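Notes follow the structure.
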Amino acid sequence: MGRRTCLFDRHGAAGAKIVDFSGWDMPLHYGSQIEEHHQVRGAAGVFDVSHMTVTDVAGVDAENWLRYLLANDVARLEAPGKALYSLLLNHDGGVVDDLIVYRTEAGYRLVTNCATRGKVLTWLAQNRRDFRVQVEERPNLAIMAVNGPDSIALACEALPADVIESVRQLGNFGSFEHGGWLVARTGYTGELGLEVILPEQQAGALWDALLAAGVKPAGLGARDTLRLEAGMNLYGQDMDENTSPLSANLGWSVSLRGEERDFIGREAVLRHKQRQGKGGLPVLAGLVLEARGVLRNGQQVLTDKGEGVITSGSFSPTLKQSIALARIPWGSESCQVDLRGAMVPLKIVKPGFVRFGKRIFGNDL
Amino acid sequence: MSNIPDDFYYASTHEWIKIDDNGVATVGISGHAQEALGDIVFVELPEPGTEIEARAEIAVVESVKAASDIYSPVGGEITAVNEALIDNPQLVNTAPYEDGWIYRMTINDKRDLDELLNAEAYAEHCSDE
């Protein structure tokens with residue numbers, strides 16, 4: 001038996017098929033992964049993501065420490081209520097993890113992945129140096145992600161009356177705190193949505209209220225196809241400690257502005273940039289299979305510039321064809337894959353296939 | 001393992017075959033198989049007229065999770081395929097023993113059926129896996 005979130009019994013009551021996810025017993029789906037996917041694209045679904053790791057950072061040097069640790073620059077978060085996506089890089093510019101950092105009233109909150117929990121906590125501890133910070137993991141918080149075009153309207157029926165006005169005023173990547181809750185307009189599906197981080201004793205009541213308002217539970221299976229359609233990377237699949245952010249379509253999140261900010265991995269990323277300019281680094285591209293079939297993780301592909309590999313491949317329930325993220329040689333113009341003995345052409349597109357329920361890639365690169 | 005039809009034959013590779021009064025055989029995959037595969041997104045159907053030997057690959061079912069080969073439980077000739085699965089492959093999930101059938105065939109040698117499991121033996125096979 002694995003670790004369980006405080007919502008485990010409710011998953012069972014909702015008919016969940018439970019699978020092991022990095023040592024946690026988590027819902028894969030509640031009957032049909034594809035129906036849950038459509039539910040999120042067309043209305044609203046709720047994911048229990050309480051298995052993710054929450055770490056609070058406070059202290060006089062909190063900002064300076066995170067400016068040293070994170071590849072994105074928390075100085076951009078000029079006040080509590082702001083959040084950004086960032087990578088944690090190692091000294092070679094490889095990706096230790098990806099995360100969302102929220103600026104809170106007490107400091108900062110990091111939400112990192114479940115599978116990387118041990119190594120991230122170790123990395124934070126190893127890189128404390130002389131910074132005056134308090135770092136506290138918060139294992140007793142639950143996280144619910146409510147996503148879909150109707151998510152905010154329905155969540156407002158379920159949330160306590162005294163937070164609804166604040167929820168309505170949130171912009172993208174905005175957040176607010178209220179009585180031990182943090183409510184944020186962040187998510188992992190390419191749809192409108194909220195993430196609510198709250199004490200686990202209160203999570204069951206919110207889950208029940210969301211379901212009563214018409215939000216449907218959605219499992220990790222749908223979460224994976226939704227994020228893939230949105231062109232969002234999954235840590236451990238699309239990038240890891242051996243991947244440059246520039247080969248993971250994440251260069252945008254590495255803030256190189258300001259000579260004075262010397263964060264871990266900066267020198268390495270600058271070297272990667274030089275290599276990339278000469279075509280020496282592969283890129284993470286989107287692939288679309290027009291023919292029938294499903295692209296799978298780990299499959300080799302062949303481009304006009306050489307070999308590549310599919311890092312995330314699946315069936316897109318919205319587009320009704322297979323899509324993938326793949327690491328392929330820089331400058332590739334054509335691509336094909338061996339499907340059961342036949343070489344089949346793939347279209348190369350920018351990563352990102354569906355946003356707000358609509359197809360977003362064109363016919364050209 | 002409820003809902004395993006009594007009057008079908010089953011292969012250990014999770015296909016079922018049903019013989020009607022006219023001797024026409026219909027083939028599909030079991031409820032256990034579709035549940036393990038998850039949502040089915042494509043079914044690659046055989047060509048009618050194809051001659052197939054017992055236990056040879058004849059079709060492919062692709063789910064959100066994996067691609068799975070379908071092996072013909074008996075040898076014979078494909079006489080019809082379930083074209084409804086082209087637009088609605090999830091019939092295999094929702095009605096694996098009925099509307100989710102995959103193909104029909106003639107049987108060359110009825111002795112092939114002796115190699116298959118009855119419902120009870122198949123239920124036991126699934127619980128052993």
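Quick note on naming: the chains in the structure tokens go A, B, ... in the order shown, residues restart at 1 in each chain, and ligands are numbered from 1 in order of appearance.
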Within 9 Å of chain A, which residues belong to chain B? Use only C-alpha atoms and report them as a tab-separated table (two decimals) with C-alpha atoms, in the first residue's frame.
```
chain	number	residue	atom	x	y	z
B	38	GLY	CA	-8.28	1.75	-20.43
B	39	ASP	CA	-10.05	3.98	-22.96
B	41	VAL	CA	-8.90	5.11	-29.13
B	42	PHE	CA	-8.25	3.08	-32.29
B	43	VAL	CA	-9.04	-0.40	-33.52
B	44	GLU	CA	-7.09	-1.59	-36.54
B	62	GLU	CA	-4.80	0.96	-29.18
B	63	SER	CA	-5.77	2.52	-25.88
B	64	VAL	CA	-4.64	5.67	-24.12
B	65	LYS	CA	-2.17	3.41	-22.35
B	66	ALA	CA	-0.82	0.89	-24.86
B	67	ALA	CA	-1.16	-0.92	-28.17
```
Checklist entry - Hey, what's within 10 Å of region 240-257 of chain A if we count only C-alpha atoms and toss same-chain stuff fewer than 2 positions away? As a VMD selection string, please? => result chain A and resid 67 70 to 74 84 to 90 92 to 98 231 to 238 259 to 263 265 to 270 272 to 273 276 281 to 285 325 to 330 350 to 351
Item to check | Exercise: region 334-345 of chain A partners within 7 Å, only C-alpha atoms, chain neighbours under 6 positions left out, as a count of residues only | outcome: 5
Checklist entry - What lies within 12 Å of Cys156 (chain A) using only C-alpha atoms, ignoring chain neighbours under 2 positions off, as a PyMOL selection string? => result chain A and resi 146+150-154+158-169+183+193-194+206+209-210+212-215
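Between CA of Gly45 (chain A) and CA of Met144 (chain A) lies a distance of 10.2 Å.
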Next on the checklist: I need the strand (DSSP E) residues of chain B per DSSP on the backbone, written as a count of residues only.
Outcome noted: 40
Item to check | Residue contacts of Val24 (chain B) (8 Å, only C-alpha atoms) excluding same-chain residues fewer than 2 positions away, as a list in words | outcome: Ile19, Asp20, Asp21, Asn22, Thr26, Arg104, Met105, Thr106 and Ile107 of chain B
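Of the residues in region 33-120 of chain B, those given helix (DSSP H, G or I) by DSSP on the backbone are B:Ala33, B:Gln34, B:Glu35, B:Ala36, B:Leu37, B:Ala84, B:Leu85, B:Ile86, B:Asp87, B:Leu91, B:Val92, B:Asn93, B:Thr94, B:Lys110, B:Arg111, B:Asp112, B:Leu113, B:Asp114, B:Glu115, B:Ala119, B:Glu120.
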Output file for the selection above: N, CA and C atoms, as a short mmCIF file (atom, residue, chain, number, x, y, z; two decimals), in the first residue's frame:
```
data_model
loop_
_atom_site.label_atom_id
_atom_site.label_comp_id
_atom_site.auth_asym_id
_atom_site.auth_seq_id
_atom_site.Cartn_x
_atom_site.Cartn_y
_atom_site.Cartn_z
N ALA B 33 -10.02 -7.49 -20.36
CA ALA B 33 -8.99 -6.91 -21.24
C ALA B 33 -9.23 -5.42 -21.45
N GLN B 34 -10.48 -5.06 -21.74
CA GLN B 34 -10.73 -3.64 -22.02
C GLN B 34 -10.51 -2.79 -20.77
N GLU B 35 -10.81 -3.38 -19.61
CA GLU B 35 -10.61 -2.63 -18.37
C GLU B 35 -9.13 -2.39 -18.12
N ALA B 36 -8.33 -3.41 -18.41
CA ALA B 36 -6.89 -3.27 -18.20
C ALA B 36 -6.28 -2.27 -19.20
N LEU B 37 -6.83 -2.23 -20.41
CA LEU B 37 -6.27 -1.33 -21.43
C LEU B 37 -6.65 0.13 -21.18
N ALA B 84 -18.38 -0.01 -37.09
CA ALA B 84 -18.76 1.01 -36.09
C ALA B 84 -17.58 1.39 -35.21
N LEU B 85 -16.59 0.49 -35.12
CA LEU B 85 -15.45 0.78 -34.25
C LEU B 85 -14.53 1.84 -34.84
N ILE B 86 -14.66 2.10 -36.15
CA ILE B 86 -13.79 3.11 -36.79
C ILE B 86 -14.09 4.48 -36.18
N ASP B 87 -15.36 4.82 -36.06
CA ASP B 87 -15.73 6.11 -35.48
C ASP B 87 -15.96 6.05 -33.98
N LEU B 91 -16.78 1.62 -28.07
CA LEU B 91 -17.74 0.52 -27.93
C LEU B 91 -17.09 -0.70 -27.30
N VAL B 92 -15.79 -0.86 -27.56
CA VAL B 92 -15.08 -2.00 -26.96
C VAL B 92 -15.05 -1.86 -25.43
N ASN B 93 -14.99 -0.62 -24.96
CA ASN B 93 -15.03 -0.40 -23.51
C ASN B 93 -16.43 -0.57 -22.94
N THR B 94 -17.40 0.01 -23.65
CA THR B 94 -18.74 0.08 -23.06
C THR B 94 -19.51 -1.22 -23.24
N LYS B 110 -13.03 -27.08 -36.14
CA LYS B 110 -13.70 -26.87 -34.86
C LYS B 110 -12.84 -27.34 -33.68
N ARG B 111 -11.85 -28.18 -33.98
CA ARG B 111 -11.00 -28.67 -32.88
C ARG B 111 -10.19 -27.53 -32.25
N ASP B 112 -10.04 -26.40 -32.99
CA ASP B 112 -9.37 -25.22 -32.40
C ASP B 112 -10.08 -24.78 -31.11
N LEU B 113 -11.41 -24.99 -31.09
CA LEU B 113 -12.19 -24.53 -29.92
C LEU B 113 -11.80 -25.29 -28.66
N ASP B 114 -11.31 -26.52 -28.84
CA ASP B 114 -10.95 -27.33 -27.68
C ASP B 114 -9.78 -26.73 -26.90
N GLU B 115 -9.00 -25.90 -27.61
CA GLU B 115 -7.83 -25.28 -26.97
C GLU B 115 -8.23 -24.08 -26.09
N ALA B 119 -16.07 -20.09 -19.61
CA ALA B 119 -16.19 -18.87 -18.80
C ALA B 119 -15.56 -19.04 -17.42
N GLU B 120 -15.82 -20.20 -16.84
CA GLU B 120 -15.32 -20.42 -15.49
C GLU B 120 -13.79 -20.46 -15.46
#
```
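Shortest atom-to-atom contact with Ala59 (chain B) among B:Pro46, B:Gly23, B:Gly31, B:Pro96: B:Pro46, counting only C-alpha atoms.
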